[in-house]
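Notes follow the structure.
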Amino acid sequence: MTGLSTTHEATSPTTIAAKKSASASSFAFQDALFHRSTQFFALLVLATLAGIIASLFIGSWLTLTQSGPRFFVTDVWDPVRNLYGGMAPLWGTLITATIALVIGVPVSFGIAIFLTEMCPPVLKRPLGTAVELLAAIPSIIYGMWGLFILSPILAELQPSISATLGKLPIIGTIFQGPPMGIGVFTAGLILSIMVIPFIASVMRDVFETTPPILKESAYGLGATTWEVMWNVVLPYTKAGVIGGIMLGLGRALGETMAVTFVIGNAYNISLQLFDAGNSIASSLANEFNEASDPNHLSALITLGLMLFFLSFLVLALSRWMLTSLSKKEGSRT
Amino acid sequence: MSTREAPSSIPTQSLATPDNPIYRRRVWVNRFNLAVSIAAMAFGMVFLLWILFTLASKGLAAFGPALFTQMTPPPGSDGGLANAIFGSVMIVGAAIFIATPIGIMAGIYLAEIGRESAIAKVTRFVNDILLSAPSIVIGLFVYALIVARFKQYSGWAGAVALAIIAVPVVVRTTETMLLLVPNSMREAAIALGAPQWRVVTMVTLRAVKGGVITGVLLALARVSGETAPLLFTSLNNQFWSTDMSAPMANLPVVIFQFAMSPYEEWQRLAWAGALLITLVVLALNILARTVFRQKNK
């Protein structure tokens with residue numbers, strides 16, 4: 001940015017000519033300096049990631065050395081007796097993220113179909129923006145809305161859901177639990193609304209990369225819009241669609257505030273989705289500032305490490321899927 | 001799959017009649033699924049409007065001049081959010097001030113200098129991971145880095161945490177924007193004898209100024225509403241404080257604390273704060289889009 005102030009001096013031809021004749025080596029020096037300084041900032045980004053990983057390992061060292069792998073399969077979390085096991089929050093994180101995807105993926109697919117194939121061109125931009133604005137709303141707003149507006153409504157509905165769907169054999173259990181309106185299901189539902197814009201906009205973007213000639217060929221053979229989407233566009237953009245879903249999953253795993261408001265803050269592992277639970281992120285948000293015992297602190301940081309590891313894996317997969325799609329596209333054109 | 005094979009041997013017209021059961025079924029499957037996708041769109045919009053409506057109706061009730069002039073009250077009495085608003089502006093401002101140069105420089109490296117080098121590839125990958133990394137983990141990192149070392153929660157720690165979240169957004173947009181500049185522009189500048197740093201700062205970066213500003217605005221919008229990383233870093237402060245090296249009040253954490261409390265006055269203020277923060281974030285998003293669209297026309 002410093003160069004901007006010297007614009008006039010540089011654009012005047014005499015200065016450039018003078019500099020040129022002065023020495024090419026001073027240019028080489030300036031450029032080397034420029035390369036190094038920009039590279040330094042790029043390396044700073046790398047250092048941040050390294051720093052995050054290193055600090056999480058250092059912080060969780062106490063727990064990792066004392067409990068080792070047992071930490072991940074123990075479901076007791078009792079700061080009073082100084083016993084910590086990470087299984088309950090891990091379970092909560094996975095189950096809420098799963099609910100989010102089960103609801104969010106089909107809805108996102110529908111939105112993407114609507115935006116690419118059915119939407120009148122005039123509405124395309126405003127509706128697309130509206131979906132993206134859903135992603136811009138801060139997560140704490142989702143949390144408040146979930147606690148004060150959505151959960152009272154769910155509390156009304158849950159008894160009747162338990163009485164009907166809950167009676168089904170085998171899968172009935174998941175529709176059971178105390179009808180409080182808050183719990184794992186509510187958290188999953190709110191997460192699904194939060195991941196929809198991410199998944200839907202990736203899907204819309206990759207759907208639009210399908211070469212028109214493929215779609216037109218299918219339409220020419222008499223295929224319906226749905227058949228074109230399902231049999232032509234979806235197979236063509238498969239990698240990108242999975243990448244988008246993984247991106248949504250990555251977001252859902254680490255989402256903190258929205259979940260903290262509605263999940264109920266209870267360490268238990270239950271198949272009943274209306275039960276209160278805890279995710280890794282919500283345990284951290286609720287307890288980290290109050291934790292004074294080094295064991296407690298270390299156990300919480302171990303949870304953080306676990307969360308980071310999980311989302312790193314999912315996001316890396318997402319990124320790999322999305323680049324493989326753009327490579328395919330590149331080789332075709 | 002059947003559609004691809006069927007028409008090759010038999011003319012389409014004979015199949016596409018209302019009394020062909022296969023054709024009828026296909027048409028109905030199509031109508032049903034398209035109706036479902038309209039419903040999905042409506043589902044998304046309903047939640048957006050519902051949330052905005054809730055915010056407007058609950059937030060406006062507590063909106064007033066007191067919100068901007070009075071301090072956060074003790075439980076059970078009226079007050080405003082002045083110190084929290086000020087704290088948020090300070091912390092977010094500092095974060096963007098730190099993040100913008102880092103992000104733009106790293107973006108320049110990726111688009112103009114590193115390009116396909118190993119360092120650039122790894123950086124691009126890591127940047128994408130950091131873009132969606134759980135923000136609470138970034139809070140943990142800054143806690144270990146700054147808060148634990150200086151034995152004090154501080155506004156600066158909050159600013160650093162938010163900066164770490166903002167940097168990847170700026171890097172990503174700067175790089176994407178710079179890659180849109182046609183190579184002929186770079187070549188023209190080089191042919192005039194300009195060193196590369198002048199080519200970048202005066203030709204390519206200028207050509208995409210709007211896009212880079214968009215990136216900064218989006219980063220600003222992103223960090224304005226972030227709560228999780230501030231919980232363990234800047235914490236909260238009940239009083240007016242301009243000292244960035246001490247715990248500092250900020251809107252998101254105050255909203256969190258007040259909304260979770262049983263006191264009615266606090267909950268009302270939380271809604272007002274929520275409305276304020278959402279309006280700011282949505283306005284920034286829309287502004288970013290307009291800047292981008294205008295500069296790219």
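The way I read the labels, and the way they are meant: chains A, B, ... in the order of the structure tokens, residue 1 as the first residue of every chain, and ligand 1 as the first ligand shown, with later ones counted on from there.
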
Phe312 of chain A environment, 10 Å, only C-alpha atoms, sequence neighbours closer than 6 positions dropped, as a VMD selection string: (chain A and resid 250 306 318) or (chain B and resid 126 129 to 130 132 to 134)

Nearest residue to chain B from the set A:Gly166, A:Gly243, A:Gly220, A:Gly110 (distances using only C-alpha atoms):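 Nearest to chain B: A:Gly110.
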
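Of the residues listed (A:Ala187, A:Ile95, A:Leu168, A:Val195), A:Val195 shows the shortest atom-to-atom separation from chain B; distances use only C-alpha atoms.
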
Residues near Trp145 of chain A, cut-off 10 Å, only C-alpha atoms, skip fewer than 3 positions along chain, as a list of chain:residue names: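 Selected residues are A:Ser139, A:Ile140, A:Ile141, A:Tyr142, A:Phe148, A:Ile149, A:Leu150, A:Ser151, A:Ile190, A:Ala258, A:Phe261, A:Val262, B:Trp50, B:Ile51, B:Leu52, B:Thr54, B:Leu55, B:Trp271, B:Ala274.
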
Would you output that residue set with N, CA and C atoms, as a compact mmCIF listing (two decimals), in the first residue's frame?
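And here is the file that came out, again_27.txt:
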# COMPACT_ATOMS: atom_id res chain seq x y z
N SER A 139 -24.27 -16.19 15.15
CA SER A 139 -24.80 -17.42 15.72
C SER A 139 -25.48 -17.18 17.06
N ILE A 140 -25.08 -16.13 17.77
CA ILE A 140 -25.70 -15.86 19.06
C ILE A 140 -27.18 -15.50 18.87
N ILE A 141 -27.49 -14.90 17.72
CA ILE A 141 -28.89 -14.55 17.43
C ILE A 141 -29.70 -15.83 17.25
N TYR A 142 -29.12 -16.78 16.52
CA TYR A 142 -29.80 -18.08 16.37
C TYR A 142 -30.06 -18.71 17.73
N PHE A 148 -35.75 -18.64 23.05
CA PHE A 148 -36.95 -17.90 23.46
C PHE A 148 -38.15 -18.14 22.54
N ILE A 149 -37.91 -18.48 21.28
CA ILE A 149 -39.03 -18.61 20.35
C ILE A 149 -39.27 -20.07 19.96
N LEU A 150 -38.20 -20.72 19.48
CA LEU A 150 -38.39 -22.06 18.94
C LEU A 150 -38.65 -23.10 20.02
N SER A 151 -37.90 -23.03 21.13
CA SER A 151 -38.04 -24.13 22.10
C SER A 151 -39.41 -24.17 22.79
N ILE A 190 -31.61 -26.17 14.93
CA ILE A 190 -31.06 -24.82 14.72
C ILE A 190 -29.79 -24.89 13.87
N ALA A 258 -25.01 -20.93 19.26
CA ALA A 258 -26.38 -21.38 19.01
C ALA A 258 -26.66 -22.65 19.80
N PHE A 261 -26.97 -22.26 23.81
CA PHE A 261 -28.25 -21.76 24.30
C PHE A 261 -29.28 -22.87 24.48
N VAL A 262 -29.32 -23.82 23.56
CA VAL A 262 -30.48 -24.72 23.53
C VAL A 262 -30.19 -26.18 23.85
N TRP B 50 -38.71 -14.97 9.95
CA TRP B 50 -39.16 -15.20 11.32
C TRP B 50 -38.14 -14.61 12.31
N ILE B 51 -36.86 -14.91 12.07
CA ILE B 51 -35.82 -14.41 12.96
C ILE B 51 -35.78 -12.88 12.92
N LEU B 52 -35.85 -12.33 11.70
CA LEU B 52 -35.79 -10.87 11.60
C LEU B 52 -37.00 -10.23 12.27
N THR B 54 -38.81 -11.50 14.77
CA THR B 54 -38.65 -11.62 16.22
C THR B 54 -37.73 -10.53 16.74
N LEU B 55 -36.58 -10.37 16.03
CA LEU B 55 -35.62 -9.36 16.47
C LEU B 55 -36.24 -7.98 16.47
N TRP B 271 -32.11 -8.38 23.80
CA TRP B 271 -32.81 -8.32 22.50
C TRP B 271 -32.45 -7.06 21.74
N ALA B 274 -29.13 -7.57 20.34
CA ALA B 274 -29.19 -8.53 19.23
C ALA B 274 -29.67 -7.85 17.96

Point-to-point distance in Å for atom CA of Val280 of chain B and atom CA of Ala66 of chain B: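 Between these atoms lies a distance of 18.5 Å.
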
Contact residues around Phe86 of chain B with only C-alpha atoms at 12 Å, ignoring same-chain residues under 5 positions, as a PyMOL selection string: chain B and resi 67-72+80-81+91-93+155+237+239-244+248-251

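Minimum distance to chain B across A:Gly104, A:Pro159, A:Gly277, A:Gly188 (counting only C-alpha atoms) occurs at A:Gly104.
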
Residues near segment 96-101 of chain B, cut-off 6 Å, only C-alpha atoms, skip fewer than 3 positions along chain, as a ChimeraX atom specification: /B:93,104-105,163,167

Export N, CA, C and O atoms of the chosen residues as an mmCIF file, in the first residue's frame?
data_model
loop_
_atom_site.group_PDB
_atom_site.id
_atom_site.type_symbol
_atom_site.label_atom_id
_atom_site.label_comp_id
_atom_site.auth_asym_id
_atom_site.auth_seq_id
_atom_site.Cartn_x
_atom_site.Cartn_y
_atom_site.Cartn_z
ATOM 1 N N GLY B 93 -12.566 -3.013 15.671
ATOM 2 C CA GLY B 93 -11.721 -2.090 14.908
ATOM 3 C C GLY B 93 -10.263 -2.525 14.957
ATOM 4 O O GLY B 93 -9.592 -2.593 13.919
ATOM 5 N N ILE B 104 -4.099 -8.847 3.134
ATOM 6 C CA ILE B 104 -3.825 -8.372 1.776
ATOM 7 C C ILE B 104 -2.436 -8.837 1.332
ATOM 8 O O ILE B 104 -2.265 -9.328 0.206
ATOM 9 N N MET B 105 -1.437 -8.724 2.213
ATOM 10 C CA MET B 105 -0.091 -9.151 1.838
ATOM 11 C C MET B 105 -0.060 -10.649 1.518
ATOM 12 O O MET B 105 0.502 -11.059 0.498
ATOM 13 N N ALA B 163 -8.958 -11.102 14.933
ATOM 14 C CA ALA B 163 -8.092 -10.912 13.767
ATOM 15 C C ALA B 163 -7.773 -12.254 13.114
ATOM 16 O O ALA B 163 -7.744 -12.371 11.888
ATOM 17 N N VAL B 167 -8.464 -12.713 9.165
ATOM 18 C CA VAL B 167 -7.394 -12.831 8.164
ATOM 19 C C VAL B 167 -7.760 -13.763 6.998
ATOM 20 O O VAL B 167 -7.646 -13.366 5.837
#

Distance query Gly44 of chain B at most 12 Å, only C-alpha atoms, self and fewer than 2 positions along chain excluded, as number ranges by chain: A: 103-104, 106-112, 114, 127-128, 130-135, 190, 192-197, 200; B: 37-42, 46-51

Residue nearest Gln66 of chain A among A:Pro126, A:Gly254, A:Pro179, A:Gly85 (counting only C-alpha atoms):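 Checking each candidate against Gln66 of chain A, we get A:Gly85 as the closest.
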